>>> print(open('run.pdb').read())   # PDB, C-alpha atoms and all ligand atoms
ATOM      1  CA  MET A  39      -5.650  44.552  48.766  1.00  0.00           C
ATOM      2  CA  ARG A  40      -5.750  47.673  46.598  1.00  0.00           C
ATOM      3  CA  ASP A  41      -2.104  48.618  46.924  1.00  0.00           C
ATOM      4  CA  CYS A  42      -0.690  45.088  46.532  1.00  0.00           C
ATOM      5  CA  ILE A  43       0.899  44.574  43.118  1.00  0.00           C
ATOM      6  CA  PHE A  44       0.201  40.817  43.108  1.00  0.00           C
ATOM      7  CA  CYS A  45      -3.445  41.337  44.121  1.00  0.00           C
ATOM      8  CA  ARG A  46      -3.697  43.722  41.185  1.00  0.00           C
ATOM      9  CA  ILE A  47      -2.135  41.144  38.859  1.00  0.00           C
ATOM     10  CA  VAL A  48      -4.570  38.480  40.090  1.00  0.00           C
ATOM     11  CA  ALA A  49      -7.448  40.938  39.493  1.00  0.00           C
ATOM     12  CA  GLY A  50      -6.201  41.610  35.949  1.00  0.00           C
ATOM     13  CA  GLU A  51      -5.534  45.280  36.687  1.00  0.00           C
ATOM     14  CA  ILE A  52      -1.824  44.859  35.910  1.00  0.00           C
ATOM     15  CA  PRO A  53      -0.929  42.742  32.870  1.00  0.00           C
ATOM     16  CA  SER A  54       0.916  39.465  33.337  1.00  0.00           C
ATOM     17  CA  THR A  55       1.839  36.423  31.301  1.00  0.00           C
ATOM     18  CA  LYS A  56      -0.354  33.739  32.798  1.00  0.00           C
ATOM     19  CA  VAL A  57       0.987  30.225  33.273  1.00  0.00           C
ATOM     20  CA  TYR A  58      -1.963  28.797  35.214  1.00  0.00           C
ATOM     21  CA  GLU A  59      -4.965  29.773  37.286  1.00  0.00           C
ATOM     22  CA  ASP A  60      -7.660  28.139  39.350  1.00  0.00           C
ATOM     23  CA  GLU A  61      -9.962  29.257  42.151  1.00  0.00           C
ATOM     24  CA  ARG A  62      -7.122  29.472  44.678  1.00  0.00           C
ATOM     25  CA  TYR A  63      -3.929  30.223  42.752  1.00  0.00           C
ATOM     26  CA  TYR A  64      -2.589  32.329  39.902  1.00  0.00           C
ATOM     27  CA  ALA A  65       0.753  31.643  38.223  1.00  0.00           C
ATOM     28  CA  PHE A  66       2.577  34.018  35.891  1.00  0.00           C
ATOM     29  CA  ARG A  67       6.004  34.670  34.393  1.00  0.00           C
ATOM     30  CA  ASP A  68       8.403  36.708  36.479  1.00  0.00           C
ATOM     31  CA  ILE A  69       8.972  40.110  34.866  1.00  0.00           C
ATOM     32  CA  ASN A  70      12.702  39.932  35.663  1.00  0.00           C
ATOM     33  CA  PRO A  71      13.529  36.250  35.097  1.00  0.00           C
ATOM     34  CA  LYS A  72      16.575  34.783  36.826  1.00  0.00           C
ATOM     35  CA  ALA A  73      16.517  31.592  34.742  1.00  0.00           C
ATOM     36  CA  PRO A  74      15.218  30.578  31.299  1.00  0.00           C
ATOM     37  CA  VAL A  75      12.016  29.466  33.039  1.00  0.00           C
ATOM     38  CA  HIS A  76      10.987  31.621  35.999  1.00  0.00           C
ATOM     39  CA  PHE A  77       7.402  31.928  37.096  1.00  0.00           C
ATOM     40  CA  LEU A  78       5.601  32.777  40.306  1.00  0.00           C
ATOM     41  CA  VAL A  79       2.645  31.037  41.913  1.00  0.00           C
ATOM     42  CA  VAL A  80       0.585  33.282  44.194  1.00  0.00           C
ATOM     43  CA  THR A  81      -2.500  32.755  46.286  1.00  0.00           C
ATOM     44  CA  ARG A  82      -5.558  34.658  45.081  1.00  0.00           C
ATOM     45  CA  GLU A  83      -6.099  35.552  48.700  1.00  0.00           C
ATOM     46  CA  HIS A  84      -3.815  38.279  50.002  1.00  0.00           C
ATOM     47  CA  ILE A  85      -1.397  36.691  52.488  1.00  0.00           C
ATOM     48  CA  GLY A  86       1.717  38.665  53.382  1.00  0.00           C
ATOM     49  CA  GLY A  87       4.254  35.863  53.276  1.00  0.00           C
ATOM     50  CA  VAL A  88       4.856  32.191  53.955  1.00  0.00           C
ATOM     51  CA  ALA A  89       5.320  32.974  57.668  1.00  0.00           C
ATOM     52  CA  ASP A  90       1.659  34.031  57.753  1.00  0.00           C
ATOM     53  CA  MET A  91       0.513  30.607  56.545  1.00  0.00           C
ATOM     54  CA  GLU A  92       0.647  28.776  59.848  1.00  0.00           C
ATOM     55  CA  GLY A  93      -2.703  27.050  60.123  1.00  0.00           C
ATOM     56  CA  ARG A  94      -3.089  27.286  56.325  1.00  0.00           C
ATOM     57  CA  GLU A  95      -1.082  24.159  55.567  1.00  0.00           C
ATOM     58  CA  GLU A  96      -3.523  22.895  52.982  1.00  0.00           C
ATOM     59  CA  LEU A  97      -3.350  26.181  51.053  1.00  0.00           C
ATOM     60  CA  LEU A  98       0.456  26.200  51.384  1.00  0.00           C
ATOM     61  CA  GLY A  99       0.679  22.609  50.173  1.00  0.00           C
ATOM     62  CA  GLY A 100      -1.473  23.492  47.181  1.00  0.00           C
ATOM     63  CA  LEU A 101       0.807  26.418  46.363  1.00  0.00           C
ATOM     64  CA  VAL A 102       3.790  24.067  46.242  1.00  0.00           C
ATOM     65  CA  THR A 103       2.058  21.289  44.312  1.00  0.00           C
ATOM     66  CA  THR A 104       0.795  23.833  41.779  1.00  0.00           C
ATOM     67  CA  GLY A 105       4.400  24.901  41.222  1.00  0.00           C
ATOM     68  CA  ILE A 106       5.513  21.271  40.854  1.00  0.00           C
ATOM     69  CA  ARG A 107       2.716  20.501  38.407  1.00  0.00           C
ATOM     70  CA  MET A 108       3.411  23.562  36.272  1.00  0.00           C
ATOM     71  CA  ALA A 109       7.166  22.860  36.321  1.00  0.00           C
ATOM     72  CA  ALA A 110       6.399  19.423  34.864  1.00  0.00           C
ATOM     73  CA  GLU A 111       4.037  20.904  32.271  1.00  0.00           C
ATOM     74  CA  LEU A 112       6.757  23.335  31.209  1.00  0.00           C
ATOM     75  CA  GLY A 113       9.192  20.452  30.697  1.00  0.00           C
ATOM     76  CA  LEU A 114      11.394  20.915  33.772  1.00  0.00           C
ATOM     77  CA  ALA A 115      10.750  17.590  35.515  1.00  0.00           C
ATOM     78  CA  ASP A 116      13.642  15.577  34.078  1.00  0.00           C
ATOM     79  CA  ALA A 117      16.412  18.157  34.447  1.00  0.00           C
ATOM     80  CA  GLY A 118      15.084  19.520  37.718  1.00  0.00           C
ATOM     81  CA  TYR A 119      14.226  22.971  38.988  1.00  0.00           C
ATOM     82  CA  ARG A 120      14.162  25.044  42.151  1.00  0.00           C
ATOM     83  CA  LEU A 121      11.252  26.177  44.323  1.00  0.00           C
ATOM     84  CA  VAL A 122      11.890  29.297  46.433  1.00  0.00           C
ATOM     85  CA  LEU A 123       9.812  31.064  49.067  1.00  0.00           C
ATOM     86  CA  ASN A 124      11.543  34.268  50.145  1.00  0.00           C
ATOM     87  CA  GLN A 125      10.436  35.507  53.559  1.00  0.00           C
ATOM     88  CA  GLY A 126      11.109  39.007  54.893  1.00  0.00           C
ATOM     89  CA  ALA A 127      13.927  41.447  54.222  1.00  0.00           C
ATOM     90  CA  ASP A 128      16.894  39.132  54.791  1.00  0.00           C
ATOM     91  CA  GLY A 129      15.139  36.434  52.798  1.00  0.00           C
ATOM     92  CA  GLY A 130      15.007  38.795  49.826  1.00  0.00           C
ATOM     93  CA  GLN A 131      11.236  39.211  49.791  1.00  0.00           C
ATOM     94  CA  SER A 132      10.367  42.393  47.884  1.00  0.00           C
ATOM     95  CA  VAL A 133       6.626  41.847  47.362  1.00  0.00           C
ATOM     96  CA  PRO A 134       4.619  41.272  50.563  1.00  0.00           C
ATOM     97  CA  HIS A 135       2.164  38.774  49.037  1.00  0.00           C
ATOM     98  CA  VAL A 136       3.142  35.133  49.365  1.00  0.00           C
ATOM     99  CA  HIS A 137       4.648  33.783  46.140  1.00  0.00           C
ATOM    100  CA  LEU A 138       6.482  30.636  45.161  1.00  0.00           C
ATOM    101  CA  HIS A 139       9.311  31.113  42.661  1.00  0.00           C
ATOM    102  CA  VAL A 140       9.792  28.248  40.210  1.00  0.00           C
ATOM    103  CA  LEU A 141      13.130  28.440  38.407  1.00  0.00           C
ATOM    104  CA  GLY A 142      14.601  26.087  35.837  1.00  0.00           C
ATOM    105  CA  GLY A 143      16.010  25.651  32.375  1.00  0.00           C
ATOM    106  CA  ARG A 144      19.639  25.871  33.495  1.00  0.00           C
ATOM    107  CA  ALA A 145      21.830  24.488  36.277  1.00  0.00           C
ATOM    108  CA  LEU A 146      21.330  26.767  39.287  1.00  0.00           C
ATOM    109  CA  ALA A 147      24.184  27.639  41.613  1.00  0.00           C
ATOM    110  CA  TRP A 148      24.188  26.845  45.323  1.00  0.00           C
ATOM    111  CA  PRO A 149      24.353  28.447  47.824  1.00  0.00           C
ATOM    112  CA  PRO A 150      22.248  31.453  46.756  1.00  0.00           C
ATOM    113  CA  GLY A 151      23.787  34.905  47.234  1.00  0.00           C
TER
HETATM  114  P1  LIG B 201      10.619  38.427  45.890  1.00  0.00           P
HETATM  115  O1  LIG B 201      11.860  39.241  45.725  1.00  0.00           O
HETATM  116  O2  LIG B 201      10.834  37.039  46.377  1.00  0.00           O
HETATM  117  O3  LIG B 201       9.567  39.189  46.682  1.00  0.00           O
HETATM  118  O4  LIG B 201      10.055  38.230  44.431  1.00  0.00           O
HETATM  119  C1  LIG B 201       9.243  39.162  43.794  1.00  0.00           C
HETATM  120  C2  LIG B 201       9.325  38.855  42.335  1.00  0.00           C
HETATM  121  O5  LIG B 201       8.251  39.516  41.681  1.00  0.00           O
HETATM  122  C3  LIG B 201      10.616  39.345  41.663  1.00  0.00           C
HETATM  123  O6  LIG B 201      11.301  38.227  41.089  1.00  0.00           O
HETATM  124  C4  LIG B 201      10.116  40.320  40.600  1.00  0.00           C
HETATM  125  O7  LIG B 201      10.852  40.258  39.411  1.00  0.00           O
HETATM  126  C5  LIG B 201       8.674  39.877  40.401  1.00  0.00           C
HETATM  127  N1  LIG B 201       7.769  40.906  39.933  1.00  0.00           N
HETATM  128  C6  LIG B 201       7.614  42.161  40.427  1.00  0.00           C
HETATM  129  N2  LIG B 201       6.674  42.825  39.735  1.00  0.00           N
HETATM  130  C7  LIG B 201       6.216  41.959  38.783  1.00  0.00           C
HETATM  131  C8  LIG B 201       5.247  42.065  37.743  1.00  0.00           C
HETATM  132  N3  LIG B 201       4.527  43.167  37.539  1.00  0.00           N
HETATM  133  N4  LIG B 201       5.048  40.975  36.959  1.00  0.00           N
HETATM  134  C9  LIG B 201       5.769  39.844  37.136  1.00  0.00           C
HETATM  135  N5  LIG B 201       6.690  39.687  38.100  1.00  0.00           N
HETATM  136  C10 LIG B 201       6.918  40.735  38.909  1.00  0.00           C
END
>>> encode(input="run.pdb", output="structure tokens", more="lines below")
Ligand code: AMP
Amino acid sequence: MRDCIFCRIVAGEIPSTKVYEDERYYAFRDINPKAPVHFLVVTREHIGGVADMEGREELLGGLVTTGIRMAAELGLADAGYRLVLNQGADGGQSVPHVHLHVLGGRALAWPPG
């Protein structure tokens, strides 16, 4: 989608710090990190949010396992980390293209604000 910032990142039109990519997913560092390690995994396909992934369970599962795999590769497995999928306004979603946050490198507070 032309006016989607994450589609433009996936297309290489907006620079990003890549963590991983394959034919279905692209992962990159969050520009405004909330933890020492904070990256996003997005689908290459434009999908508005996790609520639009009903019937796409395989793609959704791959999004999550890509985050888990990259968290391990970045050394977060032993200490732990957090996976977040914000959905809609109250969920804090600011970019309407499904993205998994992976946060780690410090103890994270709970509950979130
Ligand atoms: P959310 O609020 O869940 O929609 O998360 C969107 C995330 O995208 C935020 O954590 C932003 O910091 C991040 N973000 C926005 N623009 C960029 C960008 N150009 N490169 C990397 N991360 C971005």
>>> closest_residue(input="run.pdb", among="A:Ala117, A:Val80, A:Val75, A:Ile43", to="ligand LIG 201 (chain B)", atoms="only C-alpha atoms and all ligand atoms")
A:Ile43
>>> residues_near_ligand(input="run.pdb", ligand="ligand LIG 201 (chain B)", cutoff="10 Å", atoms="all atoms listed in the file", output="number ranges by chain")
A: 43-44, 46-47, 52-56, 65-72, 76-78, 87, 122-127, 129-139
>>> closest_residue(input="run.pdb", among="A:Cys42, A:Leu98, A:Ala89, A:Val79", to="Asp60 of chain A", atoms="all atoms listed in the file")
A:Val79
>>> closest_residue(input="run.pdb", among="A:Gly50, A:Tyr64, A:Glu111, A:Met39", to="Ile85 of chain A", atoms="all atoms listed in the file")
A:Met39
>>> atom_distance(input="run.pdb", atom1="atom CA of Arg62 of chain A", atom2="atom CA of His84 of chain A")
10.8 Å
>>> atom_distance(input="run.pdb", atom1="atom CA of Ala147 of chain A", atom2="atom CA of Leu121 of chain A")
13.3 Å
>>> closest_residue(input="run.pdb", among="A:Arg120, A:Gly99, A:Tyr63, A:Tyr58", to="Pro150 of chain A", atoms="only C-alpha atoms")
A:Arg120
>>> atom_distance(input="run.pdb", atom1="atom CA of Gly113 of chain A", atom2="atom CA of Glu96 of chain A")
25.8 Å
>>> axis_aligned_box(input="run.pdb", around="segment 134-141 of chain A", padding_each_side="8 Å", output="lines of an AutoDock Vina configuration file")
center_x = 7.6
center_y = 34.8
center_z = 44.5
size_x = 27.0
size_y = 29.0
size_z = 28.2
>>> closest_residue(input="run.pdb", among="A:Gly100, A:Gly93, A:Asp41, A:Gly142", to="Asp116 of chain A", atoms="only C-alpha atoms")
A:Gly142
>>> closest_residue(input="run.pdb", among="A:Pro74, A:Thr81, A:Asp128, A:Val140", to="Ile106 of chain A", atoms="all atoms listed in the file")
A:Val140
